[in-house]
Structures are given as C-alpha cells and as structure tokens.
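S.K.: So here's target-v8.pdb, just PDB, C-alpha atoms and all ligand atoms:
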ATOM      1  CA  MET A   1     -22.066 -82.865  44.277  1.00  0.00           C
ATOM      2  CA  GLU A   2     -23.502 -82.462  40.817  1.00  0.00           C
ATOM      3  CA  VAL A   3     -24.893 -79.346  39.191  1.00  0.00           C
ATOM      4  CA  LEU A   4     -27.925 -79.776  36.968  1.00  0.00           C
ATOM      5  CA  GLN A   5     -29.288 -77.246  34.540  1.00  0.00           C
ATOM      6  CA  THR A   6     -32.936 -76.460  35.204  1.00  0.00           C
ATOM      7  CA  SER A   7     -33.596 -73.839  32.567  1.00  0.00           C
ATOM      8  CA  ALA A   8     -32.901 -73.685  28.893  1.00  0.00           C
ATOM      9  CA  LEU A   9     -33.768 -70.004  28.883  1.00  0.00           C
ATOM     10  CA  PRO A  10     -30.786 -67.872  28.039  1.00  0.00           C
ATOM     11  CA  LEU A  11     -30.425 -65.361  30.857  1.00  0.00           C
ATOM     12  CA  GLY A  12     -28.493 -62.274  30.063  1.00  0.00           C
ATOM     13  CA  TYR A  13     -28.174 -60.591  33.411  1.00  0.00           C
ATOM     14  CA  VAL A  14     -24.786 -59.357  34.343  1.00  0.00           C
ATOM     15  CA  ALA A  15     -24.735 -55.831  35.732  1.00  0.00           C
ATOM     16  CA  PRO A  16     -25.654 -53.654  32.748  1.00  0.00           C
ATOM     17  CA  PRO A  17     -23.789 -50.890  30.937  1.00  0.00           C
ATOM     18  CA  PHE A  18     -20.971 -49.265  32.724  1.00  0.00           C
ATOM     19  CA  VAL A  19     -17.465 -48.017  32.073  1.00  0.00           C
ATOM     20  CA  THR A  20     -15.893 -49.327  28.928  1.00  0.00           C
ATOM     21  CA  ARG A  21     -12.281 -49.034  30.029  1.00  0.00           C
ATOM     22  CA  PHE A  22     -10.896 -51.490  32.524  1.00  0.00           C
ATOM     23  CA  TYR A  23      -7.455 -51.864  33.971  1.00  0.00           C
ATOM     24  CA  LEU A  24      -7.305 -55.559  34.635  1.00  0.00           C
ATOM     25  CA  ARG A  25      -6.142 -58.745  33.068  1.00  0.00           C
ATOM     26  CA  CYS A  26      -8.925 -60.549  31.305  1.00  0.00           C
ATOM     27  CA  ARG A  27      -8.768 -63.761  29.305  1.00  0.00           C
ATOM     28  CA  GLN A  28     -11.022 -63.413  26.305  1.00  0.00           C
ATOM     29  CA  PRO A  29     -13.010 -66.225  24.653  1.00  0.00           C
ATOM     30  CA  GLN A  30     -10.477 -66.753  21.886  1.00  0.00           C
ATOM     31  CA  GLY A  31      -7.662 -66.981  24.410  1.00  0.00           C
ATOM     32  CA  ARG A  32      -6.479 -63.433  23.909  1.00  0.00           C
ATOM     33  CA  THR A  33      -5.770 -61.563  27.105  1.00  0.00           C
ATOM     34  CA  THR A  34      -6.503 -57.904  27.732  1.00  0.00           C
ATOM     35  CA  THR A  35      -3.573 -56.714  29.820  1.00  0.00           C
ATOM     36  CA  LEU A  36      -3.215 -53.924  32.325  1.00  0.00           C
ATOM     37  CA  GLY A  37      -4.145 -50.644  30.703  1.00  0.00           C
ATOM     38  CA  GLY A  38      -6.059 -52.346  27.895  1.00  0.00           C
ATOM     39  CA  GLU A  39      -9.675 -51.723  27.054  1.00  0.00           C
ATOM     40  CA  LEU A  40     -12.354 -54.192  28.015  1.00  0.00           C
ATOM     41  CA  GLU A  41     -15.584 -54.062  26.061  1.00  0.00           C
ATOM     42  CA  GLU A  42     -18.851 -54.359  27.921  1.00  0.00           C
ATOM     43  CA  GLN A  43     -19.795 -57.633  26.222  1.00  0.00           C
ATOM     44  CA  GLU A  44     -16.437 -59.181  27.043  1.00  0.00           C
ATOM     45  CA  PHE A  45     -16.886 -58.267  30.675  1.00  0.00           C
ATOM     46  CA  ARG A  46     -20.406 -59.729  30.675  1.00  0.00           C
ATOM     47  CA  ASP A  47     -19.134 -62.951  29.091  1.00  0.00           C
ATOM     48  CA  VAL A  48     -16.449 -63.342  31.733  1.00  0.00           C
ATOM     49  CA  MET A  49     -18.783 -62.558  34.628  1.00  0.00           C
ATOM     50  CA  ALA A  50     -21.293 -65.088  33.279  1.00  0.00           C
ATOM     51  CA  ARG A  51     -18.719 -67.752  34.269  1.00  0.00           C
ATOM     52  CA  LEU A  52     -19.324 -66.963  37.949  1.00  0.00           C
ATOM     53  CA  ALA A  53     -21.969 -69.036  39.738  1.00  0.00           C
ATOM     54  CA  ALA A  54     -24.293 -67.098  42.027  1.00  0.00           C
ATOM     55  CA  SER A  55     -27.272 -67.694  44.276  1.00  0.00           C
ATOM     56  CA  VAL A  56     -30.504 -66.112  43.118  1.00  0.00           C
ATOM     57  CA  VAL A  57     -32.414 -64.008  45.655  1.00  0.00           C
ATOM     58  CA  VAL A  58     -35.355 -61.633  45.706  1.00  0.00           C
ATOM     59  CA  ILE A  59     -34.755 -58.310  47.436  1.00  0.00           C
ATOM     60  CA  SER A  60     -37.935 -56.775  48.838  1.00  0.00           C
ATOM     61  CA  ALA A  61     -38.726 -53.325  50.185  1.00  0.00           C
ATOM     62  CA  ARG A  62     -41.601 -50.875  50.443  1.00  0.00           C
ATOM     63  CA  THR A  63     -42.618 -47.615  48.823  1.00  0.00           C
ATOM     64  CA  ASP A  64     -45.597 -45.501  49.841  1.00  0.00           C
ATOM     65  CA  ARG A  65     -47.458 -47.302  47.020  1.00  0.00           C
ATOM     66  CA  GLY A  66     -46.785 -50.827  48.220  1.00  0.00           C
ATOM     67  CA  PHE A  67     -44.174 -53.561  48.241  1.00  0.00           C
ATOM     68  CA  ARG A  68     -41.516 -53.886  45.550  1.00  0.00           C
ATOM     69  CA  GLY A  69     -39.086 -56.655  44.752  1.00  0.00           C
ATOM     70  CA  LEU A  70     -36.374 -57.572  42.294  1.00  0.00           C
ATOM     71  CA  THR A  71     -34.383 -60.654  41.399  1.00  0.00           C
ATOM     72  CA  ALA A  72     -30.696 -60.279  42.244  1.00  0.00           C
ATOM     73  CA  THR A  73     -27.481 -62.286  42.061  1.00  0.00           C
ATOM     74  CA  SER A  74     -25.199 -59.625  43.524  1.00  0.00           C
ATOM     75  CA  PHE A  75     -26.074 -60.557  47.104  1.00  0.00           C
ATOM     76  CA  VAL A  76     -23.183 -61.520  49.418  1.00  0.00           C
ATOM     77  CA  SER A  77     -22.364 -61.849  53.094  1.00  0.00           C
ATOM     78  CA  ILE A  78     -19.662 -59.396  54.207  1.00  0.00           C
ATOM     79  CA  SER A  79     -19.383 -59.378  58.007  1.00  0.00           C
ATOM     80  CA  THR A  80     -20.239 -61.696  60.867  1.00  0.00           C
ATOM     81  CA  GLU A  81     -19.516 -59.290  63.747  1.00  0.00           C
ATOM     82  CA  PRO A  82     -21.780 -57.468  63.322  1.00  0.00           C
ATOM     83  CA  PRO A  83     -23.711 -59.510  60.753  1.00  0.00           C
ATOM     84  CA  MET A  84     -23.819 -57.532  57.509  1.00  0.00           C
ATOM     85  CA  VAL A  85     -24.646 -58.272  53.876  1.00  0.00           C
ATOM     86  CA  LEU A  86     -24.594 -56.300  50.649  1.00  0.00           C
ATOM     87  CA  VAL A  87     -26.471 -56.226  47.398  1.00  0.00           C
ATOM     88  CA  GLY A  88     -25.766 -54.208  44.246  1.00  0.00           C
ATOM     89  CA  LEU A  89     -28.931 -52.492  43.017  1.00  0.00           C
ATOM     90  CA  GLU A  90     -29.157 -50.805  39.657  1.00  0.00           C
ATOM     91  CA  ARG A  91     -29.845 -47.142  40.290  1.00  0.00           C
ATOM     92  CA  MET A  92     -32.787 -46.970  37.855  1.00  0.00           C
ATOM     93  CA  THR A  93     -34.774 -49.792  39.484  1.00  0.00           C
ATOM     94  CA  ILE A  94     -37.888 -49.119  41.528  1.00  0.00           C
ATOM     95  CA  THR A  95     -36.747 -51.562  44.189  1.00  0.00           C
ATOM     96  CA  ARG A  96     -33.502 -49.649  44.718  1.00  0.00           C
ATOM     97  CA  ASN A  97     -35.593 -46.537  45.370  1.00  0.00           C
ATOM     98  CA  ALA A  98     -37.832 -48.525  47.712  1.00  0.00           C
ATOM     99  CA  VAL A  99     -34.802 -49.767  49.678  1.00  0.00           C
ATOM    100  CA  ILE A 100     -33.507 -46.209  50.072  1.00  0.00           C
ATOM    101  CA  GLU A 101     -37.000 -44.990  50.993  1.00  0.00           C
ATOM    102  CA  SER A 102     -37.821 -47.718  53.532  1.00  0.00           C
ATOM    103  CA  LYS A 103     -34.220 -47.817  54.853  1.00  0.00           C
ATOM    104  CA  ALA A 104     -34.637 -51.578  55.047  1.00  0.00           C
ATOM    105  CA  PHE A 105     -34.778 -54.626  52.813  1.00  0.00           C
ATOM    106  CA  ASN A 106     -35.509 -58.315  53.050  1.00  0.00           C
ATOM    107  CA  VAL A 107     -33.821 -61.154  51.228  1.00  0.00           C
ATOM    108  CA  SER A 108     -35.511 -64.386  50.098  1.00  0.00           C
ATOM    109  CA  VAL A 109     -33.029 -67.004  48.849  1.00  0.00           C
ATOM    110  CA  LEU A 110     -34.818 -68.865  46.045  1.00  0.00           C
ATOM    111  CA  THR A 111     -34.870 -72.643  45.648  1.00  0.00           C
ATOM    112  CA  ARG A 112     -34.594 -74.708  42.469  1.00  0.00           C
ATOM    113  CA  SER A 113     -38.400 -74.906  42.241  1.00  0.00           C
ATOM    114  CA  GLN A 114     -38.775 -71.114  42.296  1.00  0.00           C
ATOM    115  CA  GLU A 115     -37.391 -70.249  38.875  1.00  0.00           C
ATOM    116  CA  PHE A 116     -40.710 -68.690  37.923  1.00  0.00           C
ATOM    117  CA  ILE A 117     -40.399 -66.306  40.868  1.00  0.00           C
ATOM    118  CA  ALA A 118     -36.938 -65.283  39.661  1.00  0.00           C
ATOM    119  CA  GLU A 119     -38.456 -64.569  36.236  1.00  0.00           C
ATOM    120  CA  ARG A 120     -41.345 -62.691  37.799  1.00  0.00           C
ATOM    121  CA  PHE A 121     -39.196 -60.330  39.852  1.00  0.00           C
ATOM    122  CA  ALA A 122     -36.854 -59.763  36.927  1.00  0.00           C
ATOM    123  CA  GLY A 123     -39.798 -58.404  34.940  1.00  0.00           C
ATOM    124  CA  ARG A 124     -39.735 -61.341  32.499  1.00  0.00           C
ATOM    125  CA  ALA A 125     -42.875 -63.191  33.559  1.00  0.00           C
ATOM    126  CA  PRO A 126     -46.310 -61.816  32.571  1.00  0.00           C
ATOM    127  CA  ALA A 127     -46.912 -59.791  35.744  1.00  0.00           C
ATOM    128  CA  VAL A 128     -45.159 -56.514  36.396  1.00  0.00           C
ATOM    129  CA  ALA A 129     -41.868 -56.863  38.284  1.00  0.00           C
ATOM    130  CA  GLY A 130     -42.497 -56.213  41.940  1.00  0.00           C
ATOM    131  CA  ALA A 131     -46.095 -57.519  41.887  1.00  0.00           C
ATOM    132  CA  TRP A 132     -46.825 -59.460  45.062  1.00  0.00           C
ATOM    133  CA  SER A 133     -50.513 -60.339  44.748  1.00  0.00           C
ATOM    134  CA  ASP A 134     -50.001 -63.894  43.437  1.00  0.00           C
ATOM    135  CA  VAL A 135     -46.673 -64.667  45.057  1.00  0.00           C
ATOM    136  CA  PRO A 136     -47.128 -66.589  48.341  1.00  0.00           C
ATOM    137  CA  HIS A 137     -45.376 -64.578  51.027  1.00  0.00           C
ATOM    138  CA  HIS A 138     -45.464 -63.579  54.653  1.00  0.00           C
ATOM    139  CA  LEU A 139     -44.240 -60.485  56.448  1.00  0.00           C
ATOM    140  CA  GLY A 140     -41.074 -60.336  58.517  1.00  0.00           C
ATOM    141  CA  ALA A 141     -40.869 -58.639  61.899  1.00  0.00           C
ATOM    142  CA  ASN A 142     -39.901 -55.474  59.981  1.00  0.00           C
ATOM    143  CA  GLY A 143     -43.153 -55.580  57.999  1.00  0.00           C
ATOM    144  CA  LEU A 144     -41.477 -56.327  54.647  1.00  0.00           C
ATOM    145  CA  PRO A 145     -42.356 -59.398  52.545  1.00  0.00           C
ATOM    146  CA  LEU A 146     -40.504 -62.716  52.600  1.00  0.00           C
ATOM    147  CA  ILE A 147     -41.355 -65.295  49.922  1.00  0.00           C
ATOM    148  CA  ASP A 148     -42.734 -68.605  51.223  1.00  0.00           C
ATOM    149  CA  GLY A 149     -40.780 -71.837  50.685  1.00  0.00           C
ATOM    150  CA  CYS A 150     -37.293 -70.341  50.296  1.00  0.00           C
ATOM    151  CA  ALA A 151     -33.875 -71.776  51.218  1.00  0.00           C
ATOM    152  CA  ALA A 152     -33.226 -68.894  53.641  1.00  0.00           C
ATOM    153  CA  TRP A 153     -34.491 -65.447  54.610  1.00  0.00           C
ATOM    154  CA  LEU A 154     -32.853 -62.318  55.985  1.00  0.00           C
ATOM    155  CA  GLU A 155     -34.297 -59.084  57.333  1.00  0.00           C
ATOM    156  CA  CYS A 156     -31.949 -56.127  57.038  1.00  0.00           C
ATOM    157  CA  LYS A 157     -31.751 -52.516  58.120  1.00  0.00           C
ATOM    158  CA  LEU A 158     -30.072 -50.320  55.491  1.00  0.00           C
ATOM    159  CA  ALA A 159     -26.710 -49.300  56.990  1.00  0.00           C
ATOM    160  CA  GLN A 160     -24.738 -47.766  54.101  1.00  0.00           C
ATOM    161  CA  VAL A 161     -25.124 -46.933  50.414  1.00  0.00           C
ATOM    162  CA  HIS A 162     -22.074 -46.654  48.156  1.00  0.00           C
ATOM    163  CA  GLN A 163     -22.202 -45.547  44.537  1.00  0.00           C
ATOM    164  CA  ALA A 164     -20.573 -48.004  42.138  1.00  0.00           C
ATOM    165  CA  GLY A 165     -20.965 -47.145  38.473  1.00  0.00           C
ATOM    166  CA  ASP A 166     -24.626 -47.503  37.521  1.00  0.00           C
ATOM    167  CA  HIS A 167     -25.390 -49.531  40.658  1.00  0.00           C
ATOM    168  CA  ASP A 168     -25.574 -48.666  44.343  1.00  0.00           C
ATOM    169  CA  ILE A 169     -24.013 -51.047  46.836  1.00  0.00           C
ATOM    170  CA  CYS A 170     -26.585 -51.312  49.603  1.00  0.00           C
ATOM    171  CA  VAL A 171     -25.131 -52.606  52.852  1.00  0.00           C
ATOM    172  CA  GLY A 172     -27.569 -54.062  55.335  1.00  0.00           C
ATOM    173  CA  GLY A 173     -27.253 -54.837  59.026  1.00  0.00           C
ATOM    174  CA  VAL A 174     -28.903 -58.234  59.503  1.00  0.00           C
ATOM    175  CA  GLU A 175     -31.648 -58.105  62.137  1.00  0.00           C
ATOM    176  CA  ALA A 176     -33.068 -61.586  61.549  1.00  0.00           C
ATOM    177  CA  ALA A 177     -31.876 -64.643  59.616  1.00  0.00           C
ATOM    178  CA  THR A 178     -33.806 -67.866  59.150  1.00  0.00           C
ATOM    179  CA  LYS A 179     -32.859 -71.168  57.522  1.00  0.00           C
ATOM    180  CA  GLY A 180     -35.364 -72.810  55.222  1.00  0.00           C
ATOM    181  CA  ASP A 181     -35.422 -76.080  53.291  1.00  0.00           C
ATOM    182  CA  GLY A 182     -34.605 -76.918  49.735  1.00  0.00           C
ATOM    183  CA  GLU A 183     -31.633 -76.475  47.452  1.00  0.00           C
ATOM    184  CA  PRO A 184     -30.672 -73.033  46.197  1.00  0.00           C
ATOM    185  CA  LEU A 185     -31.338 -71.833  42.678  1.00  0.00           C
ATOM    186  CA  ILE A 186     -28.060 -71.056  40.919  1.00  0.00           C
ATOM    187  CA  LEU A 187     -27.349 -68.716  38.006  1.00  0.00           C
ATOM    188  CA  TRP A 188     -24.387 -69.758  35.888  1.00  0.00           C
ATOM    189  CA  ASP A 189     -23.516 -69.212  32.236  1.00  0.00           C
ATOM    190  CA  ARG A 190     -26.782 -67.291  31.708  1.00  0.00           C
ATOM    191  CA  SER A 191     -28.971 -70.220  32.763  1.00  0.00           C
ATOM    192  CA  PHE A 192     -30.561 -71.427  35.966  1.00  0.00           C
ATOM    193  CA  TRP A 193     -29.026 -74.520  37.566  1.00  0.00           C
ATOM    194  CA  SER A 194     -29.537 -76.516  40.727  1.00  0.00           C
ATOM    195  CA  LEU A 195     -27.265 -78.622  42.935  1.00  0.00           C
ATOM    196  CA  ARG A 196     -27.772 -82.329  43.358  1.00  0.00           C
TER
HETATM  197  C1  LIG B   1     -30.750 -63.699  37.221  1.00  0.00           C
HETATM  198  C2  LIG B   1     -30.911 -62.203  37.397  1.00  0.00           C
HETATM  199  C3  LIG B   1     -30.107 -61.528  38.319  1.00  0.00           C
HETATM  200  C4  LIG B   1     -30.253 -60.141  38.517  1.00  0.00           C
HETATM  201  N1  LIG B   1     -29.452 -59.509  39.445  1.00  0.00           N
HETATM  202  C5  LIG B   1     -29.634 -58.177  39.666  1.00  0.00           C
HETATM  203  C6  LIG B   1     -28.853 -57.520  40.675  1.00  0.00           C
HETATM  204  O1  LIG B   1     -28.021 -58.117  41.354  1.00  0.00           O
HETATM  205  N2  LIG B   1     -29.065 -56.188  40.861  1.00  0.00           N
HETATM  206  C7  LIG B   1     -29.993 -55.478  40.130  1.00  0.00           C
HETATM  207  O2  LIG B   1     -30.144 -54.266  40.364  1.00  0.00           O
HETATM  208  N3  LIG B   1     -30.741 -56.076  39.167  1.00  0.00           N
HETATM  209  C8  LIG B   1     -30.593 -57.407  38.936  1.00  0.00           C
HETATM  210  N4  LIG B   1     -31.345 -58.044  37.970  1.00  0.00           N
HETATM  211  C9  LIG B   1     -32.296 -57.239  37.187  1.00  0.00           C
HETATM  212  C10 LIG B   1     -33.578 -56.899  37.983  1.00  0.00           C
HETATM  213  O3  LIG B   1     -34.166 -58.084  38.512  1.00  0.00           O
HETATM  214  C11 LIG B   1     -34.601 -56.220  37.039  1.00  0.00           C
HETATM  215  O4  LIG B   1     -34.019 -55.039  36.545  1.00  0.00           O
HETATM  216  C12 LIG B   1     -35.932 -55.905  37.712  1.00  0.00           C
HETATM  217  O5  LIG B   1     -36.920 -55.946  36.710  1.00  0.00           O
HETATM  218  C13 LIG B   1     -35.994 -54.537  38.391  1.00  0.00           C
HETATM  219  O6  LIG B   1     -37.307 -54.372  38.894  1.00  0.00           O
HETATM  220  P1  LIG B   1     -37.850 -53.014  39.547  1.00  0.00           P
HETATM  221  O7  LIG B   1     -37.464 -51.865  38.629  1.00  0.00           O
HETATM  222  O8  LIG B   1     -39.333 -53.215  39.614  1.00  0.00           O
HETATM  223  O9  LIG B   1     -37.250 -52.860  40.905  1.00  0.00           O
HETATM  224  C14 LIG B   1     -31.218 -59.411  37.771  1.00  0.00           C
HETATM  225  C15 LIG B   1     -32.029 -60.110  36.839  1.00  0.00           C
HETATM  226  C16 LIG B   1     -31.876 -61.478  36.664  1.00  0.00           C
HETATM  227  C17 LIG B   1     -32.757 -62.221  35.691  1.00  0.00           C
END
Go ahead and express the file in the form of structure tokens.
Ligand SMILES: Cc1cc2nc3c(=O)[nH]c(=O)nc-3n(C[C@H](O)[C@H](O)[C@H](O)COP(=O)(O)O)c2cc1C
M.R.:
Amino acid sequence: MEVLQTSALPLGYVAPPFVTRFYLRCRQPQGRTTTLGGELEEQEFRDVMARLAASVVVISARTDRGFRGLTATSFVSISTEPPMVLVGLERMTITRNAVIESKAFNVSVLTRSQEFIAERFAGRAPAVAGAWSDVPHHLGANGLPLIDGCAAWLECKLAQVHQAGDHDICVGGVEAATKGDGEPLILWDRSFWSLR
C-alpha cells in the first residue's frame, strides 16, 4: 500500500490552544526530549501530533436554525458491544453546540475526492462552515445530513459528554452504520493524502 499526497495546502489543524505544561516524554524536532515533569510548548505538541495519520470526517448535527457540520480528525471507534464512537469537538464551535442541542450527530467519512468538502466544513472554502445548500447530501433515519459519495456513514445518539481542555469528548451510541465506496481521505503532516 502506498500513500500519495493529494494536497499541497499546509493544514494546521491539531487541537488548538490548551495547557502549556505536560508531563510526558516527547521527542522534539532537534532530537531533544522533554522528560517527565518538563514543559511542552503548544507548538511542539502540535508538531508531534501532526505526525499522526487520521481519517477526515464531517460531523453533522442540527440547531433550531438548520443543519451544521464541521471537519474533524478526532473521530475514533471505542466500543463494539455496544457500538460506540467518540469525537473531540472544540467547545467554541457551532457544531459542538448543535450536537449537544440535538443530542445526536452523524458522521460522513470523506474520500480522497472530497478534499473540497473538508475545506468547506473547516471554514476555509468560500462558503460559511456548516453551509449545506451546495453540498450533495441525504438525510439519515435520524433526520440529520449524511454527505453523498462517502467511504462510510454513521448515525449516532449522543450518549456522554466529557470535558477535555478546550474540547468536549462527545461519545455516541451508533444507531446505524453503512459502508460506502472509495478510499478514505487522510490527514498527515498537515496535508491531505490518499491511499493507493
Ligand atoms: C483537517 C481538519 C481537522 C479538524 N478536526 C477537528 C476536530 O477533530 N474537532 C474540532 O472541534 N475541530 C476540528 N477542526 C476544525 C473545525 O473544522 C473548524 O473549527 C470549523 O470551522 C468549525 O465550524 P463550526 O463553528 O461552524 O461548527 C478541524 C479542521 C481541519 C481542517
């Protein structure tokens, strides 16, 4: 399996500002290591986390003023019995509020040809983040949007919310899961990549 870069755009997203003091071991770019009890600067943490590869998804939910959505890479599967997933949502985002309000969220796993949708729901493309009018989508059984042509889709009922720094960990009970076609869009080293 080969990984190909699809975007030359430098992507900066790694969970934004948080605690500046960390109690872990961390190898720094120059080979220095921050040891237990040392301080880890925000940028150093971001640089290290940028080395992790992650699938890119769009989380969707509803407010009383319509559907919202955001691009996320913090989505993971956590339990099979019962099926549960989690996503870390920055507390200041509108979509986080929509998830709390609608007590549900959907997940659309983007494919390599859907980079522009990732940009759109990260607020980087011309339209406002969360705009659904020109994004082909359908509604799940729970009435929330799912983006057409994705690698997979999940419909989730919000089960738990845990505070974690400036993000909330939103745990969802999976009520429906569907496989799609296409290869997933990958974020690694601040760029989009695809598998081949
Ligand atoms: C590749 C990428 C991954 C992202 N992952 C997350 C994430 O996991 N959680 C999060 O809260 N924001 C994440 N963001 C940032 C949100 O997409 C961005 O803040 C969005 O504009 C919020 O929109 P809203 O305020 O309309 O909900 C990510 C952005 C990018 C480009």
S.K.: Would you mind telling me which residue in A:Asp166, A:Asp134, A:Glu155, A:Glu119 lies nearest to Thr178 (chain A) when using only C-alpha atoms?
M.R.: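 The answer is A:Glu155, which sits nearest to Thr178 (chain A).
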S.K.: Give as a PyMOL selection string the residues surrounding ligand LIG 1 (chain B) up to a distance of 6 Å, considering only C-alpha atoms and all ligand atoms.
M.R.: chain A and resi 13+69-74+88-90+93-95+121-123+129-130
S.K.: So, counting all atoms listed in the file, which residue among A:Ile78, A:Arg91, A:Ser60, A:Leu146 is closest to Ala164 (chain A)?
M.R.: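 Comparing A:Ile78, A:Arg91, A:Ser60, A:Leu146 against Ala164 (chain A), the winner is A:Arg91.
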S.K.: Can you work out which one of A:Thr63, A:Asn106, A:Gln160, A:Asn97 has the shortest atom-to-atom distance to Val174 (chain A), counting all atoms listed in the file?
M.R.: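 Selected residue with least distance to Val174 (chain A): A:Asn106.
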S.K.: Please provide as number ranges by chain all residues within 12 Å of Ile117 (chain A), with the sequence filter that same-chain residues fewer than 2 positions apart are discarded (counting only C-alpha atoms).
M.R.: A: 56-59, 69-72, 108-115, 119-132, 134-137, 147-150, 185
S.K.: Hey, can you check how far CA of Ala61 (chain A) sits from CA of Pro145 (chain A)?
M.R.: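 Between CA of Ala61 (chain A) and CA of Pro145 (chain A) the gap is 7.5 Å.
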S.K.: Please compute the CA of Phe67 (chain A)-CA of Ala98 (chain A) distance, one decimal, in Å.
M.R.: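 So the answer is 8.1 Å.
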S.K.: Excluding Lys103 (chain A) and residues on its chain fewer than 6 positions from it, collect all residues at most 9 Å away from it, counting all atoms listed in the file, and give them as a ChimeraX atom specification.
M.R.: /A:61,156-159
S.K.: Padding 8 Å on every side, please: axis-aligned box over the listed atoms of region 69-88 of chain A, centre and edge lengths to one decimal in Å, as AutoDock Vina command-line options.
M.R.:
--center_x -29.2 --center_y -58.2 --center_z 52.6 --size_x 35.7 --size_y 24.1 --size_z 38.3
S.K.: Out of A:Ala151, A:Ala177, A:Arg65, A:Glu42, which residue has the shortest atom-to-atom distance to Met84 (chain A) when counting only C-alpha atoms?
M.R.: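 When distances to Met84 (chain A) are compared using only C-alpha atoms, the smallest one comes from A:Ala177.
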S.K.: Can you work out the spacing between CA of Ala152 (chain A) and CA of His138 (chain A) in Å, to one decimal?
M.R.: 13.4 Å
S.K.: Rank A:Asn142, A:Gln43, A:Thr80, A:Thr6 by their smallest atom-to-atom distance to Ala104 (chain A), using all atoms listed in the file, and report the top residue only.
M.R.: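 Once distances to Ala104 (chain A) are computed over all atoms listed in the file, the minimum belongs to A:Asn142.
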S.K.: Could you spell out the hits of the PyMOL selection byres (((chain A and resi 54) around 7) and not hetatm) on the shown file, as a ChimeraX atom specification?
M.R.: /A:52-53,55-56,73,186-188
S.K.: Taking into account all atoms listed in the file, which residue in the set A:Ala50, A:Val107, A:Val87, A:Leu144 is nearest to Gly66 (chain A)?
M.R.: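 Ranking A:Ala50, A:Val107, A:Val87, A:Leu144 by distance to Gly66 (chain A), first place goes to A:Leu144.
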